[in-house]
Amino acid sequence: MNFLLDGLHEDLNRVRHKPYVVTRDYAGEPDGQFAGECWKRHLARNDSVVIDHCQAQYKSHLTCPQCGHESITFDPYMSLTLPLPVKSMVKVAFVFHAWPLGKSPPLSVAANLPSTATAKQLKAWIVENLCWPRPSSSLLESTGKEEESESMVVEEEEEEEVEEEKQQKLKQDQREHEGRRTVRRKQ
C-alpha cells in the first residue's frame with residue numbers, strides 16, 4: 001500500500017522544482033509552533049492530494065543517556081507499523097524413540113514450551129516428562145554430554161520386564177483366538 005501511495009504522490013506532486021530546505025533543531029518553543037514550521041518545510045518539497053489526505057506528523061523525543069542532550073523532531077508519516085502479537089508459548093511436536101531402539105513403539109509427543117526456549121530446555125522437558133525413573137537434578141544441570149543421556153533413560157531390566165509382559169499377553173491372545181477358531185470349526 002505504501003508503495004502505491006508513494007508512486008501516486010510522486011506523480012501528483014505539485015512541486016516541480018524542489019528547493020533546498022535547511023532543518024533546524026528544537027529551540028524550546030511551543031510544540032505547536034515547531035510542528036507547524038516542520039510541516040511547512042515538508043510541504044515545500046512535497047505537496048499532493050496524497051499528502052493532503054494520507055500524511056501527518058508524529059513527535060519523536062530522544063534524550064542522550066550520557067550527556068543529557070534532548071532531540072525533538074516532528075517527522076511526517078503515511079502509516080504506522082504496529083507489532084504483531086507474539087505467542088508466549090509454542091507447541092513443539094516430535095517423535096520420541098525410547099532406548100534401546102525397537103523395543104517399544106515410537107511415541108508422538110507435543111510439548112508446550114516458551115517461544116524463547118532453547119534445545120537444552122527441550123531436552124530438560126523430555127527428561128522431566130518422558131523418562132522414568134527421574135534422573136537426579138545434577139544431571140539436568142549438566143553440560144549436555146551424550147554419555148550422560150544413558151542415565152536419563154529407563155533401565156534395560158525394567159524394559160525387559162515390560163517386554164516379557166507384552167509377549168505373554170500376545171501369546172494369551174493368540175491362544176484365545178485359536179480356541180475360538182476351533183469352536184467354530186466343530187459347529
# chains A, B, ... in the order shown; residues from 1 in each chain; ligands from 1
$ residues_around --residues "A:Val109" --least-positions-apart "3" --cutoff "9 Å" --atoms "only C-alpha atoms" --output "list of chain:residue names"
A:Val92, A:Ala93, A:Phe94, A:Val95, A:Phe96
$ write_last_selection --atoms "all heavy atoms" --output "mmCIF file, in the first residue's frame"
data_model
loop_
_atom_site.group_PDB
_atom_site.id
_atom_site.type_symbol
_atom_site.label_atom_id
_atom_site.label_comp_id
_atom_site.auth_asym_id
_atom_site.auth_seq_id
_atom_site.Cartn_x
_atom_site.Cartn_y
_atom_site.Cartn_z
ATOM 1 N N VAL A 92 5.746 -27.667 20.291
ATOM 2 C CA VAL A 92 6.823 -28.365 19.597
ATOM 3 C C VAL A 92 6.432 -29.832 19.500
ATOM 4 O O VAL A 92 6.271 -30.505 20.517
ATOM 5 C CB VAL A 92 8.163 -28.219 20.361
ATOM 6 C CG1 VAL A 92 9.264 -28.960 19.644
ATOM 7 C CG2 VAL A 92 8.514 -26.757 20.544
ATOM 8 N N ALA A 93 6.253 -30.325 18.273
ATOM 9 C CA ALA A 93 5.865 -31.716 18.060
ATOM 10 C C ALA A 93 7.083 -32.510 17.612
ATOM 11 O O ALA A 93 7.880 -32.041 16.800
ATOM 12 C CB ALA A 93 4.761 -31.793 17.020
ATOM 13 N N PHE A 94 7.239 -33.715 18.150
ATOM 14 C CA PHE A 94 8.357 -34.572 17.771
ATOM 15 C C PHE A 94 7.984 -36.016 18.059
ATOM 16 O O PHE A 94 6.965 -36.306 18.679
ATOM 17 C CB PHE A 94 9.638 -34.176 18.503
ATOM 18 C CG PHE A 94 9.526 -34.207 20.002
ATOM 19 C CD1 PHE A 94 9.876 -35.337 20.724
ATOM 20 C CD2 PHE A 94 9.062 -33.104 20.698
ATOM 21 C CE1 PHE A 94 9.767 -35.365 22.091
ATOM 22 C CE2 PHE A 94 8.955 -33.125 22.072
ATOM 23 C CZ PHE A 94 9.309 -34.276 22.779
ATOM 24 N N VAL A 95 8.822 -36.933 17.576
ATOM 25 C CA VAL A 95 8.623 -38.362 17.817
ATOM 26 C C VAL A 95 9.715 -38.814 18.774
ATOM 27 O O VAL A 95 10.896 -38.585 18.540
ATOM 28 C CB VAL A 95 8.680 -39.159 16.498
ATOM 29 C CG1 VAL A 95 8.531 -40.644 16.768
ATOM 30 C CG2 VAL A 95 7.595 -38.682 15.558
ATOM 31 N N PHE A 96 9.305 -39.480 19.867
ATOM 32 C CA PHE A 96 10.235 -39.938 20.897
ATOM 33 C C PHE A 96 10.458 -41.432 20.730
ATOM 34 O O PHE A 96 9.511 -42.211 20.710
ATOM 35 C CB PHE A 96 9.664 -39.622 22.280
ATOM 36 C CG PHE A 96 10.546 -40.036 23.416
ATOM 37 C CD1 PHE A 96 11.673 -39.293 23.733
ATOM 38 C CD2 PHE A 96 10.261 -41.152 24.168
ATOM 39 C CE1 PHE A 96 12.490 -39.657 24.779
ATOM 40 C CE2 PHE A 96 11.070 -41.528 25.215
ATOM 41 C CZ PHE A 96 12.188 -40.784 25.520
#
$ closest_atom_pairs --of "stretch 41-140 of chain A" --to "stretch 1-7 of chain A" --cutoff "12 Å" --atoms "only C-alpha atoms" --output "CSV"
residue,atom,partner,partner_atom,distance
A:Asn46,CA,A:Asp6,CA,10.9
A:Ser48,CA,A:Asp6,CA,10.6
A:Val49,CA,A:Leu5,CA,10.2
A:Val50,CA,A:Leu5,CA,6.9
A:Ile51,CA,A:Leu5,CA,9.4
A:His53,CA,A:Leu5,CA,10.9
A:Cys54,CA,A:Leu5,CA,8.6
A:Gln55,CA,A:Leu5,CA,10.3
A:Tyr77,CA,A:Asn2,CA,10.4
A:Met78,CA,A:Asn2,CA,7.5
A:Ser79,CA,A:Asn2,CA,7.7
A:Leu80,CA,A:Asn2,CA,10.6
A:Thr81,CA,A:Asn2,CA,11.3
$ write_last_selection --atoms "C-alpha atoms" --output "tab-separated table (two decimals), in the first residue's frame"
chain	number	residue	atom	x	y	z
A	46	ASN	CA	6.05	17.53	-1.05
A	48	SER	CA	-0.04	16.45	-3.42
A	49	VAL	CA	-3.51	15.09	-2.80
A	50	VAL	CA	-1.88	12.07	-1.12
A	51	ILE	CA	-0.08	14.38	1.35
A	53	HIS	CA	-5.31	13.18	2.87
A	54	CYS	CA	-2.86	10.49	3.97
A	55	GLN	CA	0.06	12.08	5.82
A	77	TYR	CA	4.34	9.54	8.28
A	78	MET	CA	1.86	7.88	5.96
A	79	SER	CA	1.30	4.76	8.03
A	80	LEU	CA	2.39	3.41	11.39
A	81	THR	CA	3.60	-0.11	11.89
$ closest_residue --among "A:Leu122, A:Ala56, A:Ala117, A:Val22" --to "A:Gly36" --atoms "only C-alpha atoms"
A:Ala56
$ select_by_dssp --residues "stretch 38-130 of chain A" --states "strand (DSSP E)" --output "PyMOL selection string"
chain A and resi 56-63+70-77+89-96+107-114
$ select_by_dssp --residues "stretch 2-35 of chain A" --states "alpha helix (DSSP H)" --output "PyMOL selection string"
chain A and resi 2-12+31-35
$ closest_residue --among "A:Arg45, A:Arg14, A:His69, A:His9" --to "A:Tyr26" --atoms "only C-alpha atoms"
A:His69
$ closest_residue --among "A:Asp173, A:His97, A:Gln168, A:Arg41" --to "A:Cys131" --atoms "only C-alpha atoms"
A:His97
$ atom_distance --atom1 "atom CA of A:Pro85" --atom2 "atom CA of A:Ala111"
21.1 Å
$ residues_around --residues "A:Met89" --least-positions-apart "4" --cutoff "6 Å" --atoms "only C-alpha atoms" --output "MDAnalysis selection string"
chainID A and resid 113:115
